[in-house]
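Quick look at target-v5.txt (compact mmCIF, C-alpha atoms):
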```
# COMPACT_ATOMS: atom_id res chain seq x y z
CA MET M 1 -5.24 39.30 34.86
CA ASP M 2 -4.36 42.25 32.64
CA PHE M 3 -6.14 42.54 29.31
CA PRO M 4 -4.47 44.27 26.37
CA PRO M 5 -5.93 47.59 25.34
CA ILE M 6 -9.03 47.50 23.11
CA ARG M 7 -6.97 48.31 19.99
CA GLY M 8 -4.67 45.31 20.67
CA ARG M 9 -7.60 42.96 21.19
CA ARG M 10 -9.19 44.14 17.93
CA ALA M 11 -5.95 43.48 16.10
CA LEU M 12 -5.75 39.97 17.56
CA VAL M 13 -9.39 39.20 16.72
CA THR M 14 -8.94 40.57 13.18
CA ALA M 15 -5.79 38.50 12.65
CA GLY M 16 -7.57 35.39 13.98
CA LEU M 17 -10.55 35.92 11.67
CA LEU M 18 -8.30 36.44 8.65
CA LEU M 19 -6.46 33.20 9.41
CA ALA M 20 -9.71 31.30 9.92
CA VAL M 21 -11.13 32.52 6.59
CA ALA M 22 -7.96 32.53 4.48
CA ALA M 23 -6.29 29.32 5.63
CA PRO M 24 -8.82 26.87 4.10
CA THR M 25 -8.69 28.80 0.83
CA ALA M 26 -4.90 28.77 0.81
CA TYR M 27 -4.77 25.04 1.54
CA ALA M 28 -7.39 24.31 -1.13
CA THR M 29 -5.20 25.96 -3.76
CA LEU M 30 -2.20 23.82 -2.83
CA ASP M 31 -2.88 21.07 -5.32
CA GLY M 32 0.43 19.31 -4.93
CA ASP M 33 2.14 16.12 -3.94
CA GLY M 34 2.98 17.33 -0.43
CA ASP M 35 6.50 18.43 -1.35
CA GLY M 36 5.61 21.89 -2.64
CA THR M 37 5.49 20.84 -6.32
CA PRO M 38 2.27 20.74 -8.34
CA SER M 39 0.66 17.31 -8.76
CA VAL M 40 0.96 15.58 -12.12
CA ALA M 41 -2.77 16.08 -12.71
CA ALA M 42 -2.45 19.82 -12.10
CA ALA M 43 0.70 20.19 -14.23
CA ALA M 44 -0.36 18.06 -17.22
CA PRO M 45 -2.76 19.45 -19.81
CA ALA M 46 -6.12 17.71 -20.14
CA ARG M 47 -5.90 15.04 -22.81
CA GLY M 48 -8.50 13.13 -24.74
CA ALA M 49 -12.19 13.47 -25.23
CA PRO M 50 -14.95 13.16 -22.64
CA TYR M 51 -15.97 9.52 -22.35
CA ALA M 52 -18.14 7.44 -20.09
CA GLU M 53 -16.71 4.28 -18.57
CA THR M 54 -19.03 1.47 -17.53
CA ARG M 55 -17.87 -1.58 -15.63
CA LEU M 56 -20.16 -4.59 -15.48
CA LEU M 57 -19.59 -7.24 -12.83
CA PHE M 58 -20.69 -10.75 -13.80
CA GLY M 59 -20.88 -13.64 -11.36
CA THR M 60 -20.68 -17.23 -12.56
CA GLU M 61 -22.59 -19.22 -9.91
CA ARG M 62 -26.16 -19.85 -10.99
CA SER M 63 -29.18 -19.48 -8.71
CA ASP M 64 -30.98 -22.36 -10.46
CA GLY M 65 -28.47 -25.01 -9.34
CA GLU M 66 -26.98 -25.54 -12.80
CA PRO M 67 -23.18 -25.70 -13.15
CA ALA M 68 -21.29 -22.38 -13.02
CA VAL M 69 -20.88 -20.34 -16.19
CA THR M 70 -17.75 -21.53 -17.98
CA GLU M 71 -15.14 -19.34 -19.62
CA GLU M 72 -16.33 -20.58 -23.02
CA GLN M 73 -19.93 -19.66 -22.22
CA PHE M 74 -18.92 -16.21 -21.01
CA THR M 75 -16.76 -15.61 -24.11
CA ALA M 76 -19.65 -16.65 -26.35
CA PHE M 77 -21.96 -14.30 -24.44
CA VAL M 78 -19.54 -11.39 -24.97
CA ASP M 79 -19.19 -12.23 -28.67
CA GLU M 80 -22.96 -12.48 -29.22
CA GLU M 81 -24.42 -9.90 -26.82
CA VAL M 82 -21.73 -7.28 -26.14
CA THR M 83 -19.50 -6.96 -29.19
CA PRO M 84 -22.31 -6.05 -31.65
CA GLY M 85 -23.22 -3.02 -29.50
CA PHE M 86 -19.61 -2.06 -28.67
CA PRO M 87 -17.52 -3.06 -31.70
CA ASP M 88 -14.84 -0.40 -31.07
CA GLY M 89 -13.39 -2.37 -28.18
CA LEU M 90 -13.80 -3.61 -24.64
CA THR M 91 -11.80 -5.23 -21.86
CA VAL M 92 -12.62 -8.36 -19.88
CA ARG M 93 -10.87 -9.22 -16.62
CA SER M 94 -11.22 -12.49 -14.73
CA GLY M 95 -11.37 -12.48 -10.98
CA ARG M 96 -12.87 -13.82 -7.80
CA GLY M 97 -15.61 -11.99 -6.01
CA GLN M 98 -18.24 -12.22 -3.36
CA TRP M 99 -21.58 -10.66 -2.62
CA ARG M 100 -24.61 -11.14 -0.38
CA ASP M 101 -27.48 -12.77 -2.26
CA ALA M 102 -31.20 -12.06 -1.79
CA SER M 103 -31.43 -14.69 0.96
CA GLY M 104 -28.60 -13.04 2.92
CA ARG M 105 -25.90 -15.64 2.21
CA ILE M 106 -22.38 -14.59 1.21
CA GLN M 107 -21.65 -16.08 -2.20
CA LYS M 108 -18.02 -16.48 -3.30
CA GLU M 109 -17.50 -17.12 -6.96
CA ARG M 110 -15.38 -16.76 -10.03
CA SER M 111 -16.32 -13.53 -11.78
CA TYR M 112 -15.70 -11.30 -14.78
CA GLU M 113 -15.38 -7.53 -15.05
CA LEU M 114 -16.30 -6.06 -18.42
CA ILE M 115 -15.02 -2.53 -19.09
CA LEU M 116 -16.66 -0.41 -21.76
CA LEU M 117 -15.57 3.07 -22.88
CA TYR M 118 -17.80 5.19 -25.11
CA PRO M 119 -18.10 8.88 -26.00
CA VAL M 120 -20.37 10.89 -23.73
CA ALA M 121 -22.29 11.94 -26.85
CA ARG M 122 -23.38 8.28 -27.25
CA ALA M 123 -24.23 7.76 -23.57
CA ALA M 124 -28.02 7.51 -23.94
CA ARG M 125 -27.83 4.90 -26.69
CA SER M 126 -25.05 3.02 -24.88
CA ASP M 127 -27.04 3.03 -21.63
CA ARG M 128 -29.95 1.25 -23.28
CA ARG M 129 -27.62 -1.33 -24.80
CA ILE M 130 -25.84 -1.91 -21.47
CA GLU M 131 -29.14 -2.53 -19.69
CA GLU M 132 -30.07 -5.05 -22.41
CA ILE M 133 -26.73 -6.83 -21.81
CA ARG M 134 -27.35 -6.99 -18.06
CA ARG M 135 -30.87 -8.42 -18.48
CA ALA M 136 -29.69 -10.94 -21.11
CA TYR M 137 -26.97 -12.29 -18.79
CA GLU M 138 -29.34 -12.50 -15.84
CA LYS M 139 -31.84 -14.46 -17.92
CA ALA M 140 -29.34 -16.72 -19.73
CA PHE M 141 -27.37 -17.69 -16.62
CA ALA M 142 -29.94 -17.49 -13.77
CA GLN M 143 -28.34 -14.47 -12.07
CA GLU M 144 -29.98 -12.25 -9.45
CA SER M 145 -28.15 -9.24 -10.84
CA VAL M 146 -25.20 -7.91 -12.82
CA GLY M 147 -23.35 -5.11 -11.04
CA ARG M 148 -22.82 -1.81 -12.83
CA VAL M 149 -20.38 1.04 -12.12
CA ASP M 150 -20.41 4.25 -14.20
CA LEU M 151 -17.58 6.79 -14.25
CA ARG M 152 -16.56 9.83 -16.27
CA ALA M 153 -13.19 9.76 -18.03
CA ARG M 154 -11.04 11.58 -20.53
CA VAL M 155 -9.84 9.14 -23.16
CA ASP M 156 -7.19 9.42 -25.85
CA PHE M 157 -6.32 6.57 -28.18
```

Here is the file; what I need is its structure written in the form of structure tokens.
Amino acid sequence: MDFPPIRGRRALVTAGLLLAVAAPTAYATLDGDGDGTPSVAAAAPARGAPYAETRLLFGTERSDGEPAVTEEQFTAFVDEEVTPGFPDGLTVRSGRGQWRDASGRIQKERSYELILLYPVARAARSDRRIEEIRRAYEKAFAQESVGRVDLRARVDF
């Protein structure tokens, strides 16, 4: 087998190293939709103010054997426990969910998702209020837990 001269091998090694180092950087800068155009997120200016988004997941089956939480009971809970702390607005979605309880059983139940948006500047105060809401629901309706999901968002009304 004939090997290329040393100079040729150096050129090949150098070209290979440049490709190995530069290719990931080049691909990382291609923030597009796969057709060579920039993605909408990259092309659009940032809008809105920095907000936190918290989603609370409420089950309706009770661990104490009492009947499931009704829509009327949940609405009253939101009116009494949530709205005073978040009077600017909120969203409630009805759904069906499942989760594994403390005993290991899969529980399927009607559920509610509560979505709260609040300025990042009020996050510490809102966090305390959200934890109070979770504990109040657990106590009032014999729940093992209320799920919580926190996200960052940019919000413009």

| request: With a distance cut-off of 7 Å and all atoms listed in the file, select the neighbouring residues of segment 60-76 of chain M, excluding the residue or stretch itself and same-chain residues fewer than 4 positions from it, and output the selection as a PyMOL selection string. | output: chain M and resi 80+109-111+141-143

| field | Pairwise distance for atom CA of Tyr112 of chain M and atom CA of Gly95 of chain M, rounded to one decimal in Å | value |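 Separating atom CA of Tyr112 of chain M from atom CA of Gly95 of chain M is a distance of 5.9 Å.
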
| Selection: 9 Å around Glu81 of chain M, all atoms listed in the file, excl. self and same-chain fewer than 2 positions, as a ChimeraX atom specification | /M:76-79,83-85,132-133,136-137

Could you turn the residues from that selection into a file that holds C-alpha atoms, as a PDB file, keeping the file's coordinate frame?
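Final output, selection_13.pdb:
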```pdb
ATOM      1  CA  ALA M  76     -19.650 -16.650 -26.350  1.00  0.00           C
ATOM      2  CA  PHE M  77     -21.960 -14.300 -24.440  1.00  0.00           C
ATOM      3  CA  VAL M  78     -19.540 -11.390 -24.970  1.00  0.00           C
ATOM      4  CA  ASP M  79     -19.190 -12.230 -28.670  1.00  0.00           C
ATOM      5  CA  THR M  83     -19.500  -6.960 -29.190  1.00  0.00           C
ATOM      6  CA  PRO M  84     -22.310  -6.050 -31.650  1.00  0.00           C
ATOM      7  CA  GLY M  85     -23.220  -3.020 -29.500  1.00  0.00           C
ATOM      8  CA  GLU M 132     -30.070  -5.050 -22.410  1.00  0.00           C
ATOM      9  CA  ILE M 133     -26.730  -6.830 -21.810  1.00  0.00           C
ATOM     10  CA  ALA M 136     -29.690 -10.940 -21.110  1.00  0.00           C
ATOM     11  CA  TYR M 137     -26.970 -12.290 -18.790  1.00  0.00           C
TER      12      TYR M 137
END
```

| remark: Of M:Gly89, M:Arg152, M:Ala44, M:Thr54, the one sitting nearest Ser126 of chain M when using all atoms listed in the file is M:Thr54

| request: Counting only C-alpha atoms, select every polymer residue within 8 Å of (-9.5, 16.3, -23.6) as defined in the file's coordinates, and provide the selection as a PyMOL selection string. | output: chain M and resi 46-50+154-156

Could you give me the axis-aligned bounding box of segment 80-89 of chain M, with 5 Å of padding per side, as centre plus edge lengths in Å to one decimal, as JSON?
```
{"center_x": -18.9, "center_y": -6.4, "center_z": -28.9, "size_x": 21.0, "size_y": 22.1, "size_z": 15.6}
```
